Amino acid sequence: MTAPTTTSGGAAPTDGIDLSVDLGGNDGALVLPNPIVTASGCFASGREIDALWDVAELGAVVAKSVTREPRQGLPTPRMTETPSGMLNAIGLQNPGVDTWVDRDVPWLAARGARVIASIAGNTVEDFREVAKRVGTSREVVAVEVNLSCPNVSHRGLVFATQASTAAEVVRAVRAALPTMPLFAKLTPDVTEIAPVGRAVVEAGATGVSAINTTLGMAIDAETGRVKVANGYAGLSGPAIRPMAVRAIHQLHAELGPDVPIIGMGGVRSVEDVVELVRAGASAVAVGTATFADPFTARTLVRSLGSWLEQRGFTSLSELRGSVHRWPHNP
Amino acid sequence: MSVQGRDVGPVAMTCEVVDRRRYGRYWGLTLSAPDIARRAAPGQFVNVAVEAPGTLLRRPFSIAGVSLGGQVAGTIDIVLDAHGPGTDALATIAPGASLDVLGPLGKPFPMPQRRVATLLVGGGYGAAPMYYLGERLRAGGHRVNFLIGAADTQRIIDPITPKRMANQASFTTEDGSMGHRGRVTDLLADDLASTGAKVVYACGPNAMLAAVGAICEDLGVPCQVSVEEHMACGVGVCMTCVLPLRGRGGTIANRRVCIDGPVFTSTRIAWDQSRYADPAPTTVDAGTIGDRDTIEVEAEGDGSFKAGVRTVRPQDTR
Ligand SMILES: Cc1cc2nc3c(=O)[nH]c(=O)nc-3n(C[C@H](O)[C@H](O)[C@H](O)COP(=O)(O)OP(=O)(O)OC[C@H]3O[C@@H](n4cnc5c(N)ncnc54)[C@H](O)[C@@H]3O)c2cc1C
Ligand SMILES: Cc1cc2nc3c(=O)[nH]c(=O)nc-3n(C[C@H](O)[C@H](O)[C@H](O)COP(=O)(O)O)c2cc1C
Ligand code: FES
């Protein structure tokens with residue numbers, strides 16, 4: 001797996017352009033060499049993509065959400081394509097936190113990748129336990145808390161849909177991991193996302209990740225059958241990018257420049273990365289685009305510098321939150 | 001020509017369409033893809049980017065043949081059934097145009113350890129990779145026999161090829177327009193007896209593969225099948241393409257078709273735990289859709305599966 005990369009694909013890293021980002025917020029420094037990370041659940045263990053290119057080129061690898069126990073996930077079909085997007089219901093198939101920490105984290109670290117964990121559960125207790133286990137790894141540099149999970153003690157209501165339950169999970173994870181940079185991953189399926197962001201930061205999150213998929217559904221017109229076995233499924237891809245830009249903008253406006261945001265939702269091109277950064281993202285995750293082109297994230301890492309250079313920028317961070325209104329409607 | 005990837009394994013490359021031809025209802029495409037052709041083996045597939053309005057994801061196709069050398073340094077063939085936006089777009093692409101192709105992907109068919117007679121069963125466009133496999137088996141000194149079936153003659157790909165290559169080639173069509181009227185499973189046991197085949201390879205609709213696998217298991221003949229499942233990525237990162245597979249000790253686990261397959265030993269597949277067990281559509285009651293937090297699937301030996309479901313339950317239904 002260590003064979004050299006054969007050829008081409010994107011420009012060489014550009015000298016003089018500072019692509020580094022600090023995701024440490026008020027919890028000290030967490031500097032990534034570039035802002036491109038993977039979206040949880042869209043990169044498996046890292047080995048699969050490393051068979052194609054060197055995953056250490058990424059700013060960080062955000063891993064698939066892991067749970068206390070291994071999960072087999074939902075029945076198939078688990079996906080269907082929709083206009084400029086896709087619906088998925090995987091059901092968090094994962095090897096469990098123990099296997100992930102023992103097998104995948106050391107491998108990623110040995111490859112030189114920076115590892116961000118993603119943790120999931122169906123009770124506050126689940127999150128606490130998974131967090132503790134992740135905390136035993138010295139190689140995990142940050143933890144994303146996947147709050148888009150159904151809360152079994154709350155009729156299956158997703159944690160992230162209510163500020164109070166979202167904050168409860170974050171408090172429990174913070175107690176288990178007092179010094180770890182924590183990112184609360186939010187769902188766009190709420191009336192107002194900013195108060196949820198405020199609540200998780202007050203509960204101890206270093207920053208937020210936005211957005212997770214938005215719930216959708218597809219039905220075969222002929223047969224009446226649901227196209228994804230679970231019925232409801234998460235919509236991702238370019239179709240949701242405007243929602244992501246809006247949510248990130250609202251969160252950045254609410255939380256201010258000191259709170260880092262990992263932005264995601266439909267990113268495919270360098271322009272998409274810059275759009276999310278202008279909206280307020282500090283780093284940008286690539287999810288569904290990897291399915292269409294597994295080289296996407298690497299191409300972005302390699303071409304971001306020259307995009308900025310050609311436009312006279314010296315760093316990406318100077319663009320964060322830089323959004324202009326129309327002069328006639330200030 | 002841009003090629004991305006490592007020295008081994010799959011690459012992404014821009015390929016020129018060098019030929020397009022009809023096989024009855026299907027289309028055959030020949031693509032200039034030297035790097036993929038050099039690395040490919042029968043049973044593997046390619047994931048092809050399509051440009052059709054609103055499409056995003058690639059479409060997987062079995063490699064139906066490779067040719068090395070010649071005018072272009074190496075080509076691969078695919079055979080496609082145009083029946084949706086992606087396959088329709090590919091069926092109308094003219095020679096000279098370019099396609100972005102990723103491959104070879106997946107695990108190939110294992111080759112027999114010693115010289116044996118083989119029976120290759122293909123259903124519909126699933127015959128395409130069987131012709132490629134047949135060539136390789138013959139080159140390896142194995143005896144090759146074909147059993148090719150489809151709904152009608154229009155869906156039998158180029159019957160001359162298997163006839164020329166094989167010691168024995170039988171055909172079935174459901175409308176009786178070619179060969180035996182019926183399905184490949186009607187002839188399988190007879191063909192195994194008449195050819196003395198010691199191993200079966202099969203590709204076709206999953207329901208056919210389940211039936212072929214069951215007959216082979218009854219007769220004690222090892223059978224390798226190449227299965228299909230809906231795929232978002234084709235490279236192992238999305239977990240959409242899983243099939244329940246038996247492991248040691250009777251445990252059943254969801255494995256990825258794209259990277260752990262698409263070729264599996266047929267007895268390992270727990271078809272009864274998959275959606276292919278019950279082909280009849282069941283009506284869906286709106287009240288039950290996604291209305292659960294965990295599902296419990298009884299598995300042999302290993303207790304049960306537990307699966308979290310990400311749902312927002314409409315609040316006004318309770
Ligand atoms: C390993 C593998 C090998 C294949 N080999 C061939 C081949 O040699 N020739 C051929 O004609 N077809 C083959 N298929 C099926 C082919 O990929 C689908 O027919 C095609 O993706 C349909 O795309 P569409 O846009 O035309 O149709 P639609 O039905 O509109 O497709 C919508 C979505 O469903 C997916 N999908 C639909 N049917 C299938 C299917 N049967 N399997 C997987 N995904 C599906 C598509 O990829 C797409 O994402 C293979 C599939 C797999 C998994
Ligand atoms: C197949 C698939 C699996 C996903 N699994 C997870 C997961 O395990 N945990 C999580 O927090 N988000 C998960 N997501 C959501 C993504 O991380 C991301 O937030 C979302 O897809 C939007 O980004 P995109 O449009 O770039 O894909 C998944 C998305 C997809 C498409
Ligand atoms: S198609 Fe993505 S894991 Fe198999």
# chains A, B, ... in the order shown; residues from 1 in each chain; ligands from 1
call {"tool": "select_by_dssp", "arguments": {"residues": "region 196-278 of chain B", "states": "strand (DSSP E or B)", "output": "PyMOL selection string"}}
result
chain B and resi 199-203+223-226+242-246+252-256+262-265+269
call {"tool": "residues_around", "arguments": {"residues": "region 239-244 of chain B", "least_positions_apart": "3", "cutoff": "7 Å", "atoms": "only C-alpha atoms", "output": "MDAnalysis selection string"}}
result
(chainID A and resid 78:79 90) or (chainID B and resid 229:232 236 252:258 269:270 273:274)
call {"tool": "write_last_selection", "arguments": {"atoms": "N, CA, C and O atoms", "output": "PDB file, in the first residue's frame"}}
result
ATOM      1  N   ARG A  78     -29.648   0.510   0.605  1.00  0.00           N
ATOM      2  CA  ARG A  78     -29.293   1.544   1.563  1.00  0.00           C
ATOM      3  C   ARG A  78     -29.130   2.905   0.914  1.00  0.00           C
ATOM      4  O   ARG A  78     -28.882   3.884   1.614  1.00  0.00           O
ATOM      5  N   MET A  79     -29.162   2.956  -0.399  1.00  0.00           N
ATOM      6  CA  MET A  79     -28.985   4.257  -1.048  1.00  0.00           C
ATOM      7  C   MET A  79     -29.807   4.344  -2.307  1.00  0.00           C
ATOM      8  O   MET A  79     -30.192   3.346  -2.901  1.00  0.00           O
ATOM      9  N   ILE A  90     -27.717   3.919   6.297  1.00  0.00           N
ATOM     10  CA  ILE A  90     -26.742   2.856   6.547  1.00  0.00           C
ATOM     11  C   ILE A  90     -27.009   2.232   7.913  1.00  0.00           C
ATOM     12  O   ILE A  90     -26.777   1.048   8.127  1.00  0.00           O
TER      13      ILE A  90
ATOM     14  N   GLU B 229     -25.123  -5.193  -6.209  1.00  0.00           N
ATOM     15  CA  GLU B 229     -25.865  -4.441  -5.200  1.00  0.00           C
ATOM     16  C   GLU B 229     -25.703  -2.970  -5.544  1.00  0.00           C
ATOM     17  O   GLU B 229     -24.725  -2.590  -6.186  1.00  0.00           O
ATOM     18  N   HIS B 230     -26.686  -2.170  -5.154  1.00  0.00           N
ATOM     19  CA  HIS B 230     -26.593  -0.734  -5.429  1.00  0.00           C
ATOM     20  C   HIS B 230     -25.349  -0.164  -4.752  1.00  0.00           C
ATOM     21  O   HIS B 230     -25.115  -0.413  -3.581  1.00  0.00           O
ATOM     22  N   MET B 231     -24.577   0.594  -5.503  1.00  0.00           N
ATOM     23  CA  MET B 231     -23.301   1.091  -5.018  1.00  0.00           C
ATOM     24  C   MET B 231     -23.222   2.599  -5.163  1.00  0.00           C
ATOM     25  O   MET B 231     -23.479   3.120  -6.246  1.00  0.00           O
ATOM     26  N   ALA B 232     -22.830   3.269  -4.098  1.00  0.00           N
ATOM     27  CA  ALA B 232     -22.592   4.702  -4.230  1.00  0.00           C
ATOM     28  C   ALA B 232     -21.145   4.974  -4.626  1.00  0.00           C
ATOM     29  O   ALA B 232     -20.882   5.845  -5.438  1.00  0.00           O
ATOM     30  N   GLY B 236     -15.444   0.974  -1.435  1.00  0.00           N
ATOM     31  CA  GLY B 236     -15.432   0.491  -0.046  1.00  0.00           C
ATOM     32  C   GLY B 236     -15.638   1.528   1.033  1.00  0.00           C
ATOM     33  O   GLY B 236     -15.507   1.207   2.213  1.00  0.00           O
ATOM     34  N   ILE B 252     -23.299 -14.206  10.895  1.00  0.00           N
ATOM     35  CA  ILE B 252     -23.628 -13.539   9.644  1.00  0.00           C
ATOM     36  C   ILE B 252     -23.284 -12.070   9.801  1.00  0.00           C
ATOM     37  O   ILE B 252     -23.641 -11.441  10.789  1.00  0.00           O
ATOM     38  N   ALA B 253     -22.552 -11.550   8.831  1.00  0.00           N
ATOM     39  CA  ALA B 253     -22.164 -10.144   8.909  1.00  0.00           C
ATOM     40  C   ALA B 253     -22.352  -9.502   7.549  1.00  0.00           C
ATOM     41  O   ALA B 253     -22.205 -10.152   6.516  1.00  0.00           O
ATOM     42  N   ASN B 254     -22.689  -8.228   7.564  1.00  0.00           N
ATOM     43  CA  ASN B 254     -22.838  -7.487   6.313  1.00  0.00           C
ATOM     44  C   ASN B 254     -21.472  -7.164   5.746  1.00  0.00           C
ATOM     45  O   ASN B 254     -20.657  -6.521   6.396  1.00  0.00           O
ATOM     46  N   ARG B 255     -21.225  -7.628   4.536  1.00  0.00           N
ATOM     47  CA  ARG B 255     -19.940  -7.363   3.883  1.00  0.00           C
ATOM     48  C   ARG B 255     -20.176  -6.529   2.629  1.00  0.00           C
ATOM     49  O   ARG B 255     -21.209  -6.636   1.990  1.00  0.00           O
ATOM     50  N   ARG B 256     -19.183  -5.738   2.284  1.00  0.00           N
ATOM     51  CA  ARG B 256     -19.306  -4.858   1.128  1.00  0.00           C
ATOM     52  C   ARG B 256     -19.093  -5.623  -0.180  1.00  0.00           C
ATOM     53  O   ARG B 256     -18.049  -6.252  -0.351  1.00  0.00           O
ATOM     54  N   VAL B 257     -20.063  -5.525  -1.070  1.00  0.00           N
ATOM     55  CA  VAL B 257     -19.961  -6.208  -2.359  1.00  0.00           C
ATOM     56  C   VAL B 257     -18.822  -5.608  -3.185  1.00  0.00           C
ATOM     57  O   VAL B 257     -18.098  -6.318  -3.873  1.00  0.00           O
ATOM     58  N   CYS B 258     -18.618  -4.298  -3.087  1.00  0.00           N
ATOM     59  CA  CYS B 258     -17.665  -3.648  -3.992  1.00  0.00           C
ATOM     60  C   CYS B 258     -16.224  -4.021  -3.703  1.00  0.00           C
ATOM     61  O   CYS B 258     -15.410  -4.045  -4.618  1.00  0.00           O
ATOM     62  N   ILE B 269     -23.185 -16.850   1.064  1.00  0.00           N
ATOM     63  CA  ILE B 269     -24.179 -15.776   1.022  1.00  0.00           C
ATOM     64  C   ILE B 269     -25.462 -16.219   1.716  1.00  0.00           C
ATOM     65  O   ILE B 269     -26.038 -17.252   1.377  1.00  0.00           O
ATOM     66  N   ALA B 270     -25.884 -15.431   2.692  1.00  0.00           N
ATOM     67  CA  ALA B 270     -27.122 -15.740   3.419  1.00  0.00           C
ATOM     68  C   ALA B 270     -28.285 -15.077   2.680  1.00  0.00           C
ATOM     69  O   ALA B 270     -28.826 -14.058   3.118  1.00  0.00           O
ATOM     70  N   GLN B 273     -31.413 -13.974   4.347  1.00  0.00           N
ATOM     71  CA  GLN B 273     -31.398 -12.781   5.187  1.00  0.00           C
ATOM     72  C   GLN B 273     -31.375 -11.507   4.336  1.00  0.00           C
ATOM     73  O   GLN B 273     -31.295 -10.406   4.871  1.00  0.00           O
ATOM     74  N   SER B 274     -31.387 -11.677   3.018  1.00  0.00           N
ATOM     75  CA  SER B 274     -31.290 -10.518   2.137  1.00  0.00           C
ATOM     76  C   SER B 274     -32.653 -10.201   1.544  1.00  0.00           C
ATOM     77  O   SER B 274     -33.595 -10.975   1.674  1.00  0.00           O
TER      78      SER B 274
END
call {"tool": "residues_near_ligand", "arguments": {"ligand": "ligand 1", "cutoff": "7 Å", "atoms": "only C-alpha atoms and all ligand atoms", "output": "ChimeraX atom specification"}}
result
/A:80-81 /B:45,57-64,78-88,125-126,128-129,227-232,258,262
call {"tool": "write_last_selection", "arguments": {"atoms": "C-alpha atoms", "output": "mmCIF file, in the first residue's frame"}}
result
data_model
loop_
_atom_site.group_PDB
_atom_site.id
_atom_site.type_symbol
_atom_site.label_atom_id
_atom_site.label_comp_id
_atom_site.auth_asym_id
_atom_site.auth_seq_id
_atom_site.Cartn_x
_atom_site.Cartn_y
_atom_site.Cartn_z
ATOM 1 C CA THR A 80 -30.622 5.811 -4.031
ATOM 2 C CA GLU A 81 -29.489 8.638 -6.238
ATOM 3 C CA PHE B 45 -15.665 -4.265 -12.536
ATOM 4 C CA LEU B 57 -22.583 8.890 -8.944
ATOM 5 C CA ARG B 58 -20.706 6.491 -11.167
ATOM 6 C CA ARG B 59 -22.281 3.353 -12.624
ATOM 7 C CA PRO B 60 -20.653 -0.060 -12.110
ATOM 8 C CA PHE B 61 -20.132 -2.486 -15.017
ATOM 9 C CA SER B 62 -18.406 -5.843 -15.148
ATOM 10 C CA ILE B 63 -15.318 -5.991 -17.286
ATOM 11 C CA ALA B 64 -16.422 -8.116 -20.245
ATOM 12 C CA ILE B 78 -18.195 -3.500 -21.149
ATOM 13 C CA VAL B 79 -21.697 -4.602 -22.090
ATOM 14 C CA LEU B 80 -24.609 -2.541 -20.933
ATOM 15 C CA ASP B 81 -28.346 -2.805 -20.710
ATOM 16 C CA ALA B 82 -29.779 0.669 -21.306
ATOM 17 C CA HIS B 83 -32.685 1.039 -18.926
ATOM 18 C CA GLY B 84 -32.147 4.187 -16.864
ATOM 19 C CA PRO B 85 -30.564 7.633 -17.055
ATOM 20 C CA GLY B 86 -26.985 6.442 -16.564
ATOM 21 C CA THR B 87 -27.053 3.468 -18.896
ATOM 22 C CA ASP B 88 -29.097 5.421 -21.477
ATOM 23 C CA TYR B 125 -25.933 -9.118 -19.280
ATOM 24 C CA GLY B 126 -24.338 -11.265 -16.565
ATOM 25 C CA ALA B 128 -20.593 -10.598 -20.320
ATOM 26 C CA PRO B 129 -17.952 -11.270 -17.640
ATOM 27 C CA VAL B 227 -23.362 -10.443 -7.323
ATOM 28 C CA GLU B 228 -24.829 -6.970 -7.791
ATOM 29 C CA GLU B 229 -25.865 -4.441 -5.200
ATOM 30 C CA HIS B 230 -26.593 -0.734 -5.429
ATOM 31 C CA MET B 231 -23.301 1.091 -5.018
ATOM 32 C CA ALA B 232 -22.592 4.702 -4.230
ATOM 33 C CA CYS B 258 -17.665 -3.648 -3.992
ATOM 34 C CA PRO B 262 -18.439 -8.896 -6.057
#
call {"tool": "closest_residue", "arguments": {"among": "B:Gly247, B:Gly141, B:Gly234, B:Pro159", "to": "ligand 2", "atoms": "only C-alpha atoms and all ligand atoms"}}
result
B:Gly234
call {"tool": "residues_around", "arguments": {"residues": "Val200 (chain B)", "least_positions_apart": "3", "cutoff": "12 Å", "atoms": "only C-alpha atoms", "output": "ChimeraX atom specification"}}
result
/B:109-112,116-122,130,133-134,143-147,188-189,191-192,195-197,203,209,212-217,219-226,264-266
call {"tool": "select_by_dssp", "arguments": {"residues": "region 43-92 of chain B", "states": "alpha helix (DSSP H)", "output": "list in words"}}
result
Pro85, Gly86, Thr87, Asp88, Ala89, Leu90 and Ala91 of chain B
call {"tool": "write_last_selection", "arguments": {"atoms": "N, CA, C and O atoms", "output": "PDB file, in the first residue's frame"}}
result
ATOM      1  N   PRO B  85     -31.286   6.451 -16.582  1.00  0.00           N
ATOM      2  CA  PRO B  85     -30.564   7.633 -17.055  1.00  0.00           C
ATOM      3  C   PRO B  85     -29.072   7.407 -17.299  1.00  0.00           C
ATOM      4  O   PRO B  85     -28.528   7.885 -18.304  1.00  0.00           O
ATOM      5  N   GLY B  86     -28.426   6.648 -16.421  1.00  0.00           N
ATOM      6  CA  GLY B  86     -26.985   6.442 -16.564  1.00  0.00           C
ATOM      7  C   GLY B  86     -26.660   5.549 -17.740  1.00  0.00           C
ATOM      8  O   GLY B  86     -25.825   5.879 -18.602  1.00  0.00           O
ATOM      9  N   THR B  87     -27.325   4.407 -17.809  1.00  0.00           N
ATOM     10  CA  THR B  87     -27.053   3.468 -18.896  1.00  0.00           C
ATOM     11  C   THR B  87     -27.542   4.021 -20.238  1.00  0.00           C
ATOM     12  O   THR B  87     -26.918   3.773 -21.268  1.00  0.00           O
ATOM     13  N   ASP B  88     -28.636   4.794 -20.229  1.00  0.00           N
ATOM     14  CA  ASP B  88     -29.097   5.421 -21.477  1.00  0.00           C
ATOM     15  C   ASP B  88     -28.043   6.383 -22.018  1.00  0.00           C
ATOM     16  O   ASP B  88     -27.758   6.406 -23.218  1.00  0.00           O
ATOM     17  N   ALA B  89     -27.457   7.177 -21.110  1.00  0.00           N
ATOM     18  CA  ALA B  89     -26.443   8.143 -21.543  1.00  0.00           C
ATOM     19  C   ALA B  89     -25.236   7.412 -22.120  1.00  0.00           C
ATOM     20  O   ALA B  89     -24.683   7.815 -23.148  1.00  0.00           O
ATOM     21  N   LEU B  90     -24.832   6.304 -21.484  1.00  0.00           N
ATOM     22  CA  LEU B  90     -23.661   5.567 -21.970  1.00  0.00           C
ATOM     23  C   LEU B  90     -23.948   4.895 -23.308  1.00  0.00           C
ATOM     24  O   LEU B  90     -23.058   4.747 -24.145  1.00  0.00           O
ATOM     25  N   ALA B  91     -25.204   4.480 -23.507  1.00  0.00           N
ATOM     26  CA  ALA B  91     -25.550   3.779 -24.748  1.00  0.00           C
ATOM     27  C   ALA B  91     -25.531   4.713 -25.950  1.00  0.00           C
ATOM     28  O   ALA B  91     -25.452   4.259 -27.082  1.00  0.00           O
TER      29      ALA B  91
END
call {"tool": "closest_residue", "arguments": {"among": "A:Arg133, A:Arg171, A:Arg128, A:Lys64", "to": "ligand 2", "atoms": "only C-alpha atoms and all ligand atoms"}}
result
A:Lys64
call {"tool": "atom_distance", "arguments": {"atom1": "CA of Ala244 (chain A)", "atom2": "CA of Val62 (chain A)"}}
result
18.0 Å
call {"tool": "residues_around", "arguments": {"residues": "Ala37 (chain B)", "least_positions_apart": "6", "cutoff": "8 Å", "atoms": "only C-alpha atoms", "output": "list in words"}}
result
Val66, Ser67, Leu68, Gly74, Thr75 and Ile76 of chain B
call {"tool": "closest_atom_pairs", "arguments": {"of": "chain A", "to": "ligand 3", "cutoff": "10 Å", "atoms": "only C-alpha atoms and all ligand atoms", "output": "tab-separated table"}}
result
residue	atom	partner	partner_atom_place_in_ligand_line	distance
A:Cys42	CA	ligand 3	2 (Fe)	8.5
A:Phe43	CA	ligand 3	3 (S)	9.3
A:Ala44	CA	ligand 3	3 (S)	8.1
A:Glu48	CA	ligand 3	3 (S)	9.3
A:Met79	CA	ligand 3	1 (S)	9.5
A:Thr290	CA	ligand 3	2 (Fe)	9.9
A:Phe291	CA	ligand 3	2 (Fe)	7.1
call {"tool": "closest_atom_pairs", "arguments": {"of": "chain A", "to": "ligand 2", "cutoff": "8 Å", "atoms": "only C-alpha atoms and all ligand atoms", "output": "CSV"}}
result
residue,atom,partner,partner_atom_place_in_ligand_line,distance
A:Thr38,CA,ligand 2,17 (O),7.7
A:Ala39,CA,ligand 2,17 (O),3.9
A:Ser40,CA,ligand 2,17 (O),3.9
A:Gly41,CA,ligand 2,5 (N),3.4
A:Cys42,CA,ligand 2,2 (C),5.5
A:Ala63,CA,ligand 2,8 (O),8.0
A:Lys64,CA,ligand 2,8 (O),4.7
A:Ser65,CA,ligand 2,8 (O),4.1
A:Val66,CA,ligand 2,8 (O),7.4
A:Met79,CA,ligand 2,1 (C),7.7
A:Gly85,CA,ligand 2,25 (O),7.6
A:Met86,CA,ligand 2,31 (C),7.1
A:Leu87,CA,ligand 2,31 (C),7.1
A:Asn88,CA,ligand 2,1 (C),5.5
A:Ala89,CA,ligand 2,1 (C),7.2
A:Ile90,CA,ligand 2,3 (C),6.5
A:Leu92,CA,ligand 2,8 (O),5.4
A:Gln93,CA,ligand 2,8 (O),7.9
A:Ser118,CA,ligand 2,11 (O),6.5
A:Ile119,CA,ligand 2,9 (N),7.8
A:Ala120,CA,ligand 2,9 (N),7.5
A:Glu144,CA,ligand 2,11 (O),7.6
A:Val145,CA,ligand 2,11 (O),7.4
A:Asn146,CA,ligand 2,11 (O),4.6
A:Leu147,CA,ligand 2,11 (O),7.5
A:Ser148,CA,ligand 2,11 (O),6.9
A:Lys185,CA,ligand 2,11 (O),6.4
A:Ala210,CA,ligand 2,19 (O),6.7
A:Ile211,CA,ligand 2,19 (O),5.2
A:Asn212,CA,ligand 2,19 (O),3.5
A:Thr213,CA,ligand 2,20 (C),4.6
A:Gly234,CA,ligand 2,29 (C),7.2
A:Leu235,CA,ligand 2,21 (O),7.1
A:Ser236,CA,ligand 2,25 (O),4.0
A:Gly237,CA,ligand 2,25 (O),3.5
A:Pro238,CA,ligand 2,25 (O),6.0
A:Ala239,CA,ligand 2,25 (O),7.7
A:Ile240,CA,ligand 2,25 (O),6.4
A:Arg241,CA,ligand 2,25 (O),6.8
A:Met264,CA,ligand 2,23 (O),4.9
A:Gly265,CA,ligand 2,23 (O),3.5
A:Gly266,CA,ligand 2,25 (O),3.4
A:Val267,CA,ligand 2,26 (O),5.2
A:Arg268,CA,ligand 2,26 (O),7.6
A:Ala285,CA,ligand 2,26 (O),6.5
A:Val286,CA,ligand 2,26 (O),4.6
A:Gly287,CA,ligand 2,26 (O),3.5
A:Thr288,CA,ligand 2,27 (O),3.7
A:Ala289,CA,ligand 2,26 (O),6.0
call {"tool": "write_last_selection", "arguments": {"atoms": "C-alpha atoms", "output": "short mmCIF file (atom, residue, chain, number, x, y, z; two decimals), in the first residue's frame"}}
result
data_model
loop_
_atom_site.label_atom_id
_atom_site.label_comp_id
_atom_site.auth_asym_id
_atom_site.auth_seq_id
_atom_site.Cartn_x
_atom_site.Cartn_y
_atom_site.Cartn_z
CA THR A 38 -13.21 13.83 5.31
CA ALA A 39 -16.88 13.77 6.25
CA SER A 40 -17.70 11.06 8.77
CA GLY A 41 -19.05 7.91 7.18
CA CYS A 42 -17.64 8.75 3.78
CA ALA A 63 -13.59 8.64 10.81
CA LYS A 64 -16.89 6.79 10.49
CA SER A 65 -19.05 7.20 13.60
CA VAL A 66 -18.32 4.43 16.08
CA MET A 79 -28.99 4.26 -1.05
CA GLY A 85 -27.61 14.14 -4.46
CA MET A 86 -28.24 10.83 -2.81
CA LEU A 87 -30.29 9.36 0.00
CA ASN A 88 -28.66 6.94 2.42
CA ALA A 89 -29.71 4.92 5.42
CA ILE A 90 -26.74 2.86 6.55
CA LEU A 92 -24.20 3.25 11.49
CA GLN A 93 -22.66 -0.05 10.43
CA SER A 118 -16.67 10.48 15.38
CA ILE A 119 -18.74 9.01 18.17
CA ALA A 120 -22.38 7.98 18.21
CA GLU A 144 -16.75 14.87 16.63
CA VAL A 145 -19.97 14.05 18.46
CA ASN A 146 -22.56 12.77 15.99
CA LEU A 147 -25.75 14.13 17.50
CA SER A 148 -27.88 12.96 14.57
CA LYS A 185 -22.16 17.69 14.72
CA ALA A 210 -22.45 21.33 10.16
CA ILE A 211 -24.31 19.94 8.43
CA ASN A 212 -25.28 16.32 8.73
CA THR A 213 -27.63 14.94 6.09
CA GLY A 234 -30.37 11.17 4.77
CA LEU A 235 -29.96 13.46 1.79
CA SER A 236 -26.41 14.54 0.93
CA GLY A 237 -24.44 15.88 -1.99
CA PRO A 238 -24.58 19.10 -4.04
CA ALA A 239 -28.36 19.24 -3.56
CA ILE A 240 -27.88 20.26 0.10
CA ARG A 241 -24.98 22.68 -0.33
CA MET A 264 -19.73 20.23 5.07
CA GLY A 265 -22.56 19.56 2.67
CA GLY A 266 -22.24 18.98 -1.05
CA VAL A 267 -18.67 20.19 -1.49
CA ARG A 268 -17.07 19.15 -4.78
CA ALA A 285 -15.26 18.18 4.99
CA VAL A 286 -15.81 16.23 1.79
CA GLY A 287 -18.40 13.45 1.85
CA THR A 288 -20.57 12.39 -1.05
CA ALA A 289 -18.21 13.87 -3.64
#
call {"tool": "residues_around", "arguments": {"residues": "Val130 (chain A)", "least_positions_apart": "5", "cutoff": "7 Å", "atoms": "only C-alpha atoms", "output": "list of chain:residue names"}}
result
A:Thr67, A:Arg68, A:Val97, A:Ile119
call {"tool": "write_last_selection", "arguments": {"atoms": "C-alpha atoms", "output": "mmCIF file, in the first residue's frame"}}
result
data_model
loop_
_atom_site.group_PDB
_atom_site.id
_atom_site.type_symbol
_atom_site.label_atom_id
_atom_site.label_comp_id
_atom_site.auth_asym_id
_atom_site.auth_seq_id
_atom_site.Cartn_x
_atom_site.Cartn_y
_atom_site.Cartn_z
ATOM 1 C CA THR A 67 -20.615 3.026 18.748
ATOM 2 C CA ARG A 68 -20.055 1.004 21.944
ATOM 3 C CA VAL A 97 -15.193 1.639 19.194
ATOM 4 C CA ILE A 119 -18.742 9.008 18.172
#
call {"tool": "residues_around", "arguments": {"residues": "Ala199 (chain A)", "least_positions_apart": "3", "cutoff": "10 Å", "atoms": "only C-alpha atoms", "output": "JSON, numbers by chain"}}
result
{"A": [162, 163, 164, 165, 166, 167, 168, 170, 194, 195, 196, 202, 203, 204, 205]}
call {"tool": "residues_around", "arguments": {"residues": "Val31 (chain A)", "least_positions_apart": "5", "cutoff": "9 Å", "atoms": "only C-alpha atoms", "output": "list in words"}}
result
Ser20, Val21, Asp22, Leu23, Gly24 and Gly59 of chain A
call {"tool": "closest_residue", "arguments": {"among": "A:Pro294, A:Gly305, A:Gly197, A:Pro181", "to": "chain B", "atoms": "only C-alpha atoms"}}
result
A:Pro294
call {"tool": "atom_distance", "arguments": {"atom1": "CA of Arg275 (chain B)", "atom2": "CA of Leu105 (chain B)"}}
result
24.1 Å
call {"tool": "atom_distance", "arguments": {"atom1": "CA of Leu187 (chain B)", "atom2": "CA of Gly149 (chain B)"}}
result
10.0 Å
call {"tool": "closest_residue", "arguments": {"among": "B:Glu16, B:Asp158, B:Asp100, B:Asp7", "to": "Leu31 (chain B)", "atoms": "only C-alpha atoms"}}
result
B:Glu16
